[in-house]
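As stored in run.cif (mmCIF, C-alpha atoms and all ligand atoms):
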data_entry
#
loop_
_atom_site.label_atom_id
_atom_site.label_comp_id
_atom_site.auth_asym_id
_atom_site.auth_seq_id
_atom_site.Cartn_x
_atom_site.Cartn_y
_atom_site.Cartn_z
CA MET E 1 21.59 -21.70 12.97
CA LYS E 2 19.15 -19.96 10.61
CA ILE E 3 19.77 -16.24 9.98
CA TYR E 4 17.04 -13.62 9.62
CA ILE E 5 16.57 -9.98 8.80
CA LEU E 6 14.40 -7.80 11.01
CA ALA E 7 12.10 -5.39 9.13
CA ILE E 8 10.45 -2.29 10.59
CA GLU E 9 7.59 -0.24 9.09
CA THR E 10 6.32 2.98 10.73
CA SER E 11 5.69 5.30 7.77
CA CYS E 12 2.08 6.11 8.54
CA ASP E 13 -0.25 4.89 11.28
CA ASP E 14 0.51 1.15 11.52
CA THR E 15 3.45 -0.11 13.55
CA SER E 16 4.72 -3.35 12.01
CA VAL E 17 7.72 -5.65 12.46
CA ALA E 18 8.68 -8.83 10.60
CA LEU E 19 11.32 -11.51 10.39
CA LEU E 20 12.36 -12.89 6.99
CA SER E 21 14.87 -15.63 6.30
CA HIS E 22 17.55 -15.07 3.65
CA ASP E 23 15.55 -17.09 1.11
CA GLY E 24 12.69 -14.57 1.40
CA GLU E 25 10.32 -16.66 3.51
CA VAL E 26 8.35 -14.60 6.04
CA LEU E 27 8.74 -16.23 9.45
CA ASP E 28 6.31 -13.85 11.08
CA VAL E 29 4.84 -10.35 10.90
CA LEU E 30 3.30 -8.48 13.83
CA SER E 31 1.36 -5.26 13.34
CA GLN E 32 -0.43 -2.88 15.64
CA SER E 33 -3.13 -0.66 14.16
CA GLN E 34 -3.70 2.85 15.50
CA ASP E 35 -7.22 3.18 14.05
CA GLU E 36 -8.73 3.64 17.52
CA SER E 37 -6.43 6.59 18.31
CA HIS E 38 -7.31 8.46 15.11
CA GLN E 39 -10.98 7.47 14.74
CA LYS E 40 -12.43 10.41 16.64
CA PHE E 41 -10.53 12.86 14.43
CA GLY E 42 -11.74 11.20 11.19
CA GLY E 43 -8.15 11.03 9.90
CA ILE E 44 -4.53 10.51 10.95
CA VAL E 45 -3.08 13.03 13.42
CA PRO E 46 0.69 12.93 12.73
CA GLU E 47 1.75 13.87 16.27
CA ILE E 48 -0.38 11.08 17.78
CA ALA E 49 0.89 8.61 15.16
CA SER E 50 4.55 9.14 16.06
CA ARG E 51 3.82 8.96 19.79
CA ARG E 52 2.02 5.63 19.34
CA HIS E 53 4.94 4.27 17.25
CA THR E 54 7.33 5.22 20.06
CA GLU E 55 5.18 3.33 22.57
CA ASN E 56 4.49 0.29 20.37
CA LEU E 57 7.62 -0.43 18.35
CA LEU E 58 10.12 -1.96 20.81
CA PRO E 59 7.45 -4.03 22.65
CA LEU E 60 6.44 -5.46 19.24
CA VAL E 61 10.07 -6.39 18.44
CA ASP E 62 10.30 -8.01 21.88
CA GLN E 63 7.11 -9.96 21.31
CA LEU E 64 8.33 -11.13 17.88
CA PHE E 65 11.63 -12.36 19.33
CA LYS E 66 9.93 -14.14 22.24
CA ARG E 67 7.45 -15.90 19.95
CA HIS E 68 10.31 -17.46 18.00
CA SER E 69 12.91 -17.84 20.76
CA MET E 70 15.13 -15.51 18.75
CA THR E 71 18.28 -13.78 19.91
CA SER E 72 19.95 -10.76 18.32
CA SER E 73 22.82 -13.01 17.15
CA MET E 74 20.36 -14.57 14.68
CA VAL E 75 19.75 -11.21 12.95
CA SER E 76 22.04 -10.27 10.03
CA ALA E 77 20.52 -6.87 9.14
CA VAL E 78 17.77 -4.41 10.05
CA VAL E 79 15.64 -3.10 7.19
CA VAL E 80 13.49 -0.02 7.75
CA THR E 81 11.13 2.24 5.79
CA ALA E 82 12.99 5.54 5.36
CA ARG E 83 10.61 7.30 2.90
CA PRO E 84 8.01 8.46 1.88
CA GLY E 85 5.61 9.08 4.76
CA LEU E 86 4.97 11.18 7.84
CA VAL E 87 8.38 12.39 8.96
CA GLY E 88 7.68 12.01 12.68
CA SER E 89 6.47 8.44 12.16
CA LEU E 90 9.39 7.51 9.90
CA LEU E 91 11.81 9.02 12.40
CA VAL E 92 10.75 6.55 15.11
CA GLY E 93 11.42 3.56 12.81
CA VAL E 94 14.69 4.88 11.39
CA MET E 95 16.19 5.84 14.77
CA THR E 96 15.13 2.54 16.33
CA ALA E 97 16.60 0.58 13.40
CA LYS E 98 19.91 2.46 13.71
CA ALA E 99 20.05 1.95 17.48
CA LEU E 100 19.43 -1.81 17.07
CA GLY E 101 21.90 -2.06 14.18
CA LEU E 102 24.64 -0.34 16.19
CA ALA E 103 23.92 -2.35 19.34
CA TRP E 104 23.89 -5.67 17.45
CA GLY E 105 26.75 -4.81 15.09
CA VAL E 106 24.71 -5.42 11.92
CA PRO E 107 24.00 -3.20 8.88
CA VAL E 108 20.87 -1.08 8.50
CA VAL E 109 19.14 -0.74 5.13
CA GLY E 110 16.66 2.11 4.55
CA VAL E 111 14.12 1.48 1.81
CA ASN E 112 11.29 3.22 -0.02
CA HIS E 113 7.85 2.20 1.28
CA ILE E 114 6.36 2.08 -2.23
CA GLU E 115 9.00 -0.45 -3.30
CA GLY E 116 7.69 -2.66 -0.51
CA HIS E 117 4.18 -2.51 -1.99
CA ILE E 118 5.55 -3.26 -5.49
CA LEU E 119 7.42 -6.36 -4.27
CA ALA E 120 4.61 -7.70 -2.02
CA PRO E 121 3.48 -10.24 -4.68
CA PHE E 122 6.81 -12.08 -4.15
CA LEU E 123 6.26 -12.60 -0.41
CA ARG E 124 6.15 -16.21 0.73
CA SER E 125 4.79 -17.46 4.03
CA PHE E 126 3.18 -20.58 5.50
CA ASP E 127 -0.18 -19.46 4.06
CA TYR E 128 0.74 -17.58 0.87
CA ALA E 129 2.79 -18.28 -2.23
CA PRO E 130 3.23 -16.01 -5.27
CA ALA E 131 0.80 -16.49 -8.16
CA GLU E 132 2.02 -19.22 -10.54
CA GLY E 133 4.01 -17.82 -13.46
CA PHE E 134 4.14 -14.35 -11.92
CA ASP E 135 7.53 -12.66 -12.44
CA PHE E 136 9.34 -9.56 -13.74
CA PRO E 137 8.51 -7.63 -15.83
CA PHE E 138 5.09 -6.78 -14.44
CA VAL E 139 2.68 -3.88 -14.26
CA SER E 140 2.21 -2.86 -10.64
CA LEU E 141 -0.63 -0.71 -9.36
CA VAL E 142 0.06 0.52 -5.84
CA VAL E 143 -3.17 1.97 -4.54
CA SER E 144 -3.51 3.10 -0.93
CA GLY E 145 -4.41 6.04 1.29
CA GLY E 146 -1.21 7.84 0.32
CA HIS E 147 -0.43 6.59 -3.18
CA THR E 148 -1.96 5.71 -6.51
CA HIS E 149 1.05 4.83 -8.65
CA LEU E 150 1.35 2.67 -11.74
CA PHE E 151 4.75 1.11 -12.47
CA LEU E 152 6.44 -1.21 -14.86
CA ALA E 153 8.57 -3.29 -12.48
CA GLU E 154 11.44 -4.51 -14.67
CA SER E 155 13.68 -6.14 -12.04
CA TYR E 156 14.70 -5.58 -8.41
CA GLY E 157 15.43 -1.85 -8.07
CA GLN E 158 14.12 -0.94 -11.56
CA TYR E 159 10.63 0.50 -11.28
CA ARG E 160 9.49 2.63 -14.20
CA LEU E 161 6.81 5.13 -13.16
CA LEU E 162 4.06 4.97 -15.83
CA GLY E 163 1.44 7.11 -14.11
CA ARG E 164 0.30 8.51 -10.79
CA THR E 165 -2.54 10.48 -9.31
CA ARG E 166 -2.54 14.18 -10.06
CA ASP E 167 -4.50 14.98 -6.89
CA ASP E 168 -5.94 12.62 -4.25
CA ALA E 169 -4.95 9.00 -3.78
CA ALA E 170 -7.80 6.51 -4.32
CA GLY E 171 -7.85 5.53 -0.62
CA GLU E 172 -7.97 9.18 0.35
CA ALA E 173 -11.02 9.60 -1.91
CA PHE E 174 -12.75 6.67 -0.15
CA ASP E 175 -11.83 8.15 3.25
CA LYS E 176 -13.22 11.57 2.28
CA LEU E 177 -16.49 10.11 0.97
CA ALA E 178 -16.90 8.17 4.23
CA LYS E 179 -16.30 11.34 6.25
CA MET E 180 -18.95 13.27 4.27
CA MET E 181 -21.44 10.45 4.80
CA GLY E 182 -20.67 10.10 8.52
CA LEU E 183 -19.28 6.55 8.11
CA PRO E 184 -16.58 5.24 10.47
CA TYR E 185 -12.84 5.74 9.87
CA PRO E 186 -10.97 4.29 7.98
CA GLY E 187 -13.42 5.02 5.18
CA GLY E 188 -12.46 2.42 2.56
CA PRO E 189 -13.72 -0.65 4.44
CA SER E 190 -16.91 1.24 5.50
CA VAL E 191 -17.69 2.26 1.91
CA ASP E 192 -16.96 -1.29 0.71
CA GLN E 193 -19.34 -2.67 3.34
CA GLN E 194 -22.15 -0.19 2.53
CA ALA E 195 -21.73 -0.80 -1.20
CA GLN E 196 -22.57 -4.51 -0.81
CA ASP E 197 -26.29 -3.61 -0.76
CA GLY E 198 -26.11 -0.71 -3.21
CA ASP E 199 -26.86 -0.14 -6.87
CA PHE E 200 -23.56 0.76 -8.54
CA ALA E 201 -25.30 2.33 -11.55
CA ARG E 202 -27.64 4.64 -9.61
CA TYR E 203 -25.33 7.70 -9.71
CA PRO E 204 -23.19 8.19 -12.83
CA PHE E 205 -20.11 9.65 -11.13
CA PRO E 206 -17.33 11.05 -13.34
CA ARG E 207 -14.39 8.82 -14.30
CA GLY E 208 -11.38 11.17 -14.01
CA LEU E 209 -9.13 11.50 -17.11
CA ARG E 210 -11.13 8.74 -18.81
CA ASP E 211 -10.46 9.97 -22.32
CA SER E 212 -6.87 10.96 -21.67
CA ASP E 213 -3.98 9.14 -23.31
CA SER E 214 -1.93 9.39 -20.14
CA LEU E 215 -1.75 6.68 -17.48
CA ASP E 216 -2.29 9.23 -14.69
CA PHE E 217 -5.28 9.29 -12.36
CA SER E 218 -7.49 12.04 -10.95
CA PHE E 219 -10.07 11.63 -8.21
CA SER E 220 -10.81 15.27 -7.33
CA GLY E 221 -13.73 15.60 -9.79
CA LEU E 222 -15.31 12.45 -8.38
CA LYS E 223 -14.92 13.72 -4.83
CA SER E 224 -16.48 17.11 -5.71
CA ALA E 225 -19.38 15.43 -7.53
CA ALA E 226 -20.07 13.28 -4.45
CA ARG E 227 -19.88 16.33 -2.19
CA ARG E 228 -22.36 18.27 -4.36
CA LEU E 229 -24.75 15.30 -4.40
CA VAL E 230 -24.61 14.72 -0.64
CA GLU E 231 -24.91 18.42 0.23
CA ALA E 232 -28.05 18.75 -1.91
CA MET E 233 -29.80 15.90 -0.01
CA GLU E 234 -31.76 15.98 3.24
CA PRO E 235 -29.98 13.97 6.01
CA LYS E 236 -32.72 11.28 5.89
CA MET E 237 -32.21 10.86 2.17
CA VAL E 238 -28.43 10.64 2.57
CA GLU E 239 -29.01 7.80 5.01
CA ARG E 240 -31.39 6.00 2.66
CA GLU E 241 -29.19 6.50 -0.41
CA CYS E 242 -25.93 5.72 1.38
CA PRO E 243 -25.46 2.18 -0.03
CA HIS E 244 -26.18 3.42 -3.59
CA ILE E 245 -23.87 6.43 -3.29
CA CYS E 246 -21.11 4.18 -1.92
CA ALA E 247 -21.61 1.54 -4.62
CA SER E 248 -21.67 4.12 -7.44
CA PHE E 249 -18.61 5.94 -6.07
CA GLN E 250 -16.73 2.67 -5.62
CA GLU E 251 -17.61 1.63 -9.17
CA ALA E 252 -16.16 4.88 -10.55
CA VAL E 253 -12.87 4.32 -8.67
CA VAL E 254 -12.64 0.64 -9.62
CA ASP E 255 -13.38 1.38 -13.28
CA VAL E 256 -10.57 3.89 -13.70
CA LEU E 257 -8.06 1.73 -11.84
CA LEU E 258 -8.79 -1.27 -14.03
CA VAL E 259 -8.87 0.70 -17.29
CA ARG E 260 -5.36 1.96 -16.47
CA ILE E 261 -4.01 -1.49 -15.58
CA ALA E 262 -5.34 -2.93 -18.85
CA ALA E 263 -3.91 0.00 -20.87
CA ALA E 264 -0.52 -0.29 -19.15
CA ALA E 265 -0.33 -4.05 -19.79
CA GLU E 266 -1.20 -3.48 -23.44
CA ARG E 267 1.32 -0.65 -23.93
CA THR E 268 4.18 -2.44 -22.21
CA LYS E 269 3.24 -5.84 -23.69
CA VAL E 270 3.56 -7.64 -20.37
CA ARG E 271 1.27 -10.39 -19.14
CA CYS E 272 1.89 -10.12 -15.39
CA VAL E 273 0.04 -7.50 -13.37
CA SER E 274 -0.27 -6.87 -9.64
CA LEU E 275 -2.51 -4.91 -7.35
CA THR E 276 -1.28 -3.91 -3.88
CA GLY E 277 -1.83 -1.24 -1.20
CA GLY E 278 -4.76 -0.89 1.20
CA VAL E 279 -7.37 -0.19 -1.49
CA SER E 280 -6.58 -3.52 -3.17
CA ALA E 281 -8.47 -5.06 -0.23
CA ASN E 282 -11.65 -3.65 -1.83
CA SER E 283 -13.99 -6.53 -2.65
CA ARG E 284 -15.37 -5.05 -5.90
CA LEU E 285 -11.86 -4.18 -7.12
CA ARG E 286 -10.64 -7.70 -6.39
CA SER E 287 -13.51 -9.45 -8.15
CA LYS E 288 -13.43 -7.16 -11.19
CA ALA E 289 -9.61 -7.46 -11.40
CA LEU E 290 -9.90 -11.25 -11.46
CA ALA E 291 -12.51 -11.03 -14.23
CA LEU E 292 -10.31 -8.62 -16.21
CA ALA E 293 -7.29 -10.93 -15.88
CA GLN E 294 -9.31 -13.87 -17.12
CA ASP E 295 -10.73 -11.88 -20.01
CA LYS E 296 -7.34 -10.53 -21.15
CA GLY E 297 -5.25 -13.62 -20.35
CA LEU E 298 -3.20 -11.79 -17.70
CA ILE E 299 -1.41 -13.37 -14.73
CA LEU E 300 -2.72 -11.40 -11.76
CA ALA E 301 -0.98 -11.21 -8.38
CA LEU E 302 -3.40 -10.17 -5.68
CA PRO E 303 -1.66 -10.76 -2.33
CA PRO E 304 -3.80 -11.36 0.77
CA LYS E 305 -4.98 -8.32 2.70
CA LYS E 306 -2.27 -8.65 5.37
CA PHE E 307 0.41 -8.18 2.67
CA CYS E 308 -1.55 -5.48 0.76
CA THR E 309 -2.03 -3.02 3.61
CA ASP E 310 1.03 -1.51 5.28
CA ASN E 311 3.19 -4.29 6.75
CA ALA E 312 6.84 -4.87 7.58
CA ALA E 313 7.14 -8.13 5.59
CA MET E 314 7.08 -6.26 2.26
CA ILE E 315 9.67 -3.81 3.63
CA GLY E 316 11.86 -6.78 4.50
CA LEU E 317 11.69 -7.98 0.91
CA ALA E 318 12.64 -4.53 -0.42
CA GLY E 319 15.73 -4.68 1.80
CA LEU E 320 16.62 -8.35 1.41
CA TRP E 321 17.90 -8.17 -2.18
CA ARG E 322 20.15 -5.28 -1.10
CA VAL E 323 21.39 -7.19 1.97
CA LEU E 324 22.24 -10.16 -0.27
CA LYS E 325 24.22 -7.82 -2.59
CA GLY E 326 26.07 -6.31 0.39
CA VAL E 327 24.36 -2.91 -0.01
CA GLN E 328 23.74 -0.99 3.21
CA SER E 329 22.75 2.55 4.24
CA ASP E 330 25.06 5.11 5.81
CA TRP E 331 24.74 5.62 9.55
CA ASN E 332 23.48 9.12 8.79
CA LEU E 333 20.34 7.63 7.20
CA SER E 334 17.43 10.02 7.86
CA PRO E 335 13.72 9.90 7.12
CA CYS E 336 12.31 11.80 4.15
CA ALA E 337 8.66 12.74 3.54
CA GLN E 338 9.03 12.23 -0.22
CA SER E 339 10.49 9.53 -2.44
CA TRP E 340 13.95 10.23 -3.82
CA GLU E 341 14.15 11.02 -7.53
CA SER E 342 16.52 8.04 -7.88
CA ASP E 343 14.06 5.54 -6.36
CA PHE E 344 12.17 5.22 -9.65
CA VAL E 345 12.87 5.39 -13.36
CA HIS E 346 10.93 8.40 -14.63
CA SER E 347 10.82 7.77 -18.37
CA THR E 348 7.47 6.19 -19.15
CA LYS E 349 8.83 4.55 -22.29
CA PRO E 350 9.84 0.93 -21.65
CA PRO E 351 13.22 -0.03 -23.17
CA ALA E 352 12.91 -1.42 -26.72
O1 LIG G 401 -1.78 0.67 2.36
P1 LIG G 401 -2.55 1.25 3.51
O2 LIG G 401 -2.84 0.36 4.68
O3 LIG G 401 -1.86 2.54 4.07
C1 LIG G 401 -1.33 3.55 3.26
O4 LIG G 401 -0.14 3.44 2.84
O5 LIG G 401 -2.12 4.50 2.98
O6 LIG G 401 -3.93 1.83 2.89
C2 LIG G 401 -4.91 2.45 3.67
C3 LIG G 401 -6.02 2.92 2.73
C4 LIG G 401 -7.07 3.78 3.45
O7 LIG G 401 -7.34 4.92 2.65
C5 LIG G 401 -8.28 2.84 3.50
O8 LIG G 401 -9.51 3.53 3.50
C6 LIG G 401 -8.10 2.03 2.22
O9 LIG G 401 -6.70 1.80 2.15
N1 LIG G 401 -8.83 0.75 2.27
C7 LIG G 401 -9.84 0.44 1.42
C8 LIG G 401 -10.33 -0.82 1.85
N2 LIG G 401 -9.56 -1.25 2.90
C9 LIG G 401 -8.64 -0.26 3.14
N3 LIG G 401 -10.38 1.13 0.40
C10 LIG G 401 -11.42 0.57 -0.24
N4 LIG G 401 -11.94 -0.63 0.11
C11 LIG G 401 -11.44 -1.36 1.12
N5 LIG G 401 -11.97 -2.54 1.45
ZN ZN G 402 1.39 1.91 2.05
#
Written as structure tokens, that's how I'd like the structure from this file.
Amino acid sequence: MKIYILAIETSCDDTSVALLSHDGEVLDVLSQSQDESHQKFGGIVPEIASRRHTENLLPLVDQLFKRHSMTSSMVSAVVVTARPGLVGSLLVGVMTAKALGLAWGVPVVGVNHIEGHILAPFLRSFDYAPAEGFDFPFVSLVVSGGHTHLFLAESYGQYRLLGRTRDDAAGEAFDKLAKMMGLPYPGGPSVDQQAQDGDFARYPFPRGLRDSDSLDFSFSGLKSAARRLVEAMEPKMVERECPHICASFQEAVVDVLLVRIAAAAERTKVRCVSLTGGVSANSRLRSKALALAQDKGLILALPPKKFCTDNAAMIGLAGLWRVLKGVQSDWNLSPCAQSWESDFVHSTKPPA
């Protein structure tokens, strides 16, 4: 009988469950988006998000088990996102994981959501295999609605934080631009879509911290510049210029992300780089990242969209190496809005 781990992700607004075998192969991942519930508010309402997780989570687990004729005796551990995220949302996942773990007599492993994004390039499923030659150590850019973090991933559990945003996350910047322009939520895909027909050089938006030596990011200046531009235009002009504003804004974000990846690869002298998180679904970012990798001779891991946006499969992988080492969480595991200091290595200097 094959043994699996069950993974649960509820840190933000997507409810997701997955089954992974002990060799890391994803048997299946089922996710339920809450976009419709939050659309009319133009952003995530935490109270609604946790309520939807409560309604959706156990039926999704049920559906996953039925699809694969699984029984609880085939599950060796439950892995769950315990931090960072919306506390009410995390609480639903953590409490459900503990209840299932206790009922089934298996360990529960709480993991950091960002570690899931970092490890996503190693996911394997019937339709995806890791990029050839891709391995530790690698430069990982995790870029989503909640995070813009640059790491040197040295091995499982060793993630050196090289840089992070000092203000907004890149996805948050896309979402805010979309809101100002009256585009549908979530903003990133809407801006990406509009930008297809736009001139990316029409508006020279600022590239935050461009001349800085640090590997940090800043998107607040870009957001303010876009706000000033849009507020100075008549509504008809905003409508006409929308594709160009979106394309120029997107170009500014993509440029700074790629400049930082290239600088990090050069400083750390690694050849493998990865791009994950919801924003890595951006079409311009993907095509320019591929061009950069070719130009600099880098091995680029760019997982498919289903493994880039929030999903339980990546959470499973962050727990699996711990399960295999016999590491498990205490039964008093609780959710935490922030990462723990110990989740990442904070010295930006790679070991000699
Ligand atoms: O990783 P994710 O699903 O959830 C978080 O952990 O935040 O990322 C969601 C973010 C949102 O800000 C969304 O607007 C952005 O990813 N996003 C995109 C695109 N698709 C999703 N941003 C730019 N272009 C896209 N195509
Ligand atoms: Zn995420």
Point to revise | Site check for ligand ZN 402 (chain G): residues at most 6 Å away, all atoms listed in the file, as a PyMOL selection string | key: chain E and resi 144+277+310
**Study point:** Which residue of E:Arg210, E:Arg267, E:Arg286, E:Lys66 approaches ligand LIG 401 (chain G) most closely, using all atoms listed in the file
**Key:**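 Under the stated criterion, the closest residue is E:Arg286.
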Point to revise | Counting all atoms listed in the file, the residue of E:Leu27, E:Cys12, E:Val323, E:Ala18 that sits nearest Ser89 of chain E | key: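 Result for the nearest residue to Ser89 of chain E: E:Cys12.
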Practice item. Extract, using only C-alpha atoms, all DNA, RNA and protein residues at most 9 Å from segment 170-186 of chain E, discarding same-chain residues fewer than 5 positions from it, and format them as a PyMOL selection string. Key: chain E and resi 35-36+38-43+143-148+165+191+217-220+222-223+226-227+230-231+238-239+242+246+249-250+253+257+278-279
Point to revise | For Trp331 of chain E: contacts at 9 Å, only C-alpha atoms, fewer than 2 positions along chain excluded, given as a count of residues only | key: 7
Practice item. Work out how far atom CA of Pro189 of chain E is from atom CA of Ala263 of chain E, in Å to one decimal. Key: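 Atom-to-atom, atom CA of Ala263 of chain E to atom CA of Pro189 of chain E, that is 27.2 Å.
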Let me have the centre and edge lengths of the axis-aligned box enclosing all listed atoms of ligand LIG 401 (chain G) with 6 Å padding on every side, in Å to one decimal, as JSON.
{"center_x": -6.1, "center_y": 1.2, "center_z": 2.2, "size_x": 23.8, "size_y": 19.5, "size_z": 16.9}
Check your understanding: Separation of atom CA of Gln338 of chain E and atom CA of Phe122 of chain E, in Å?
Key ->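 Atom-to-atom, atom CA of Gln338 of chain E and atom CA of Phe122 of chain E are spaced 24.7 Å apart.
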Exercise for review: Would you mind telling me which residue in E:His113, E:Lys2, E:Lys325, E:Arg124 lies nearest to ligand LIG 401 (chain G) when using all atoms listed in the file?
Suggested key: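 Using all atoms listed in the file, ligand LIG 401 (chain G) sits closest to E:His113.
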Review point. When you draw a straight line from atom CA of Ile8 of chain E to atom CA of Ala103 of chain E, how long is it in Å?
Key: 16.1 Å
Point to revise | Spatial neighbours of Gly24 of chain E, 7 Å, all atoms listed in the file, chain gap at least 3 places, as an MDAnalysis selection string | key: chainID E and resid 20:21 123:124 317
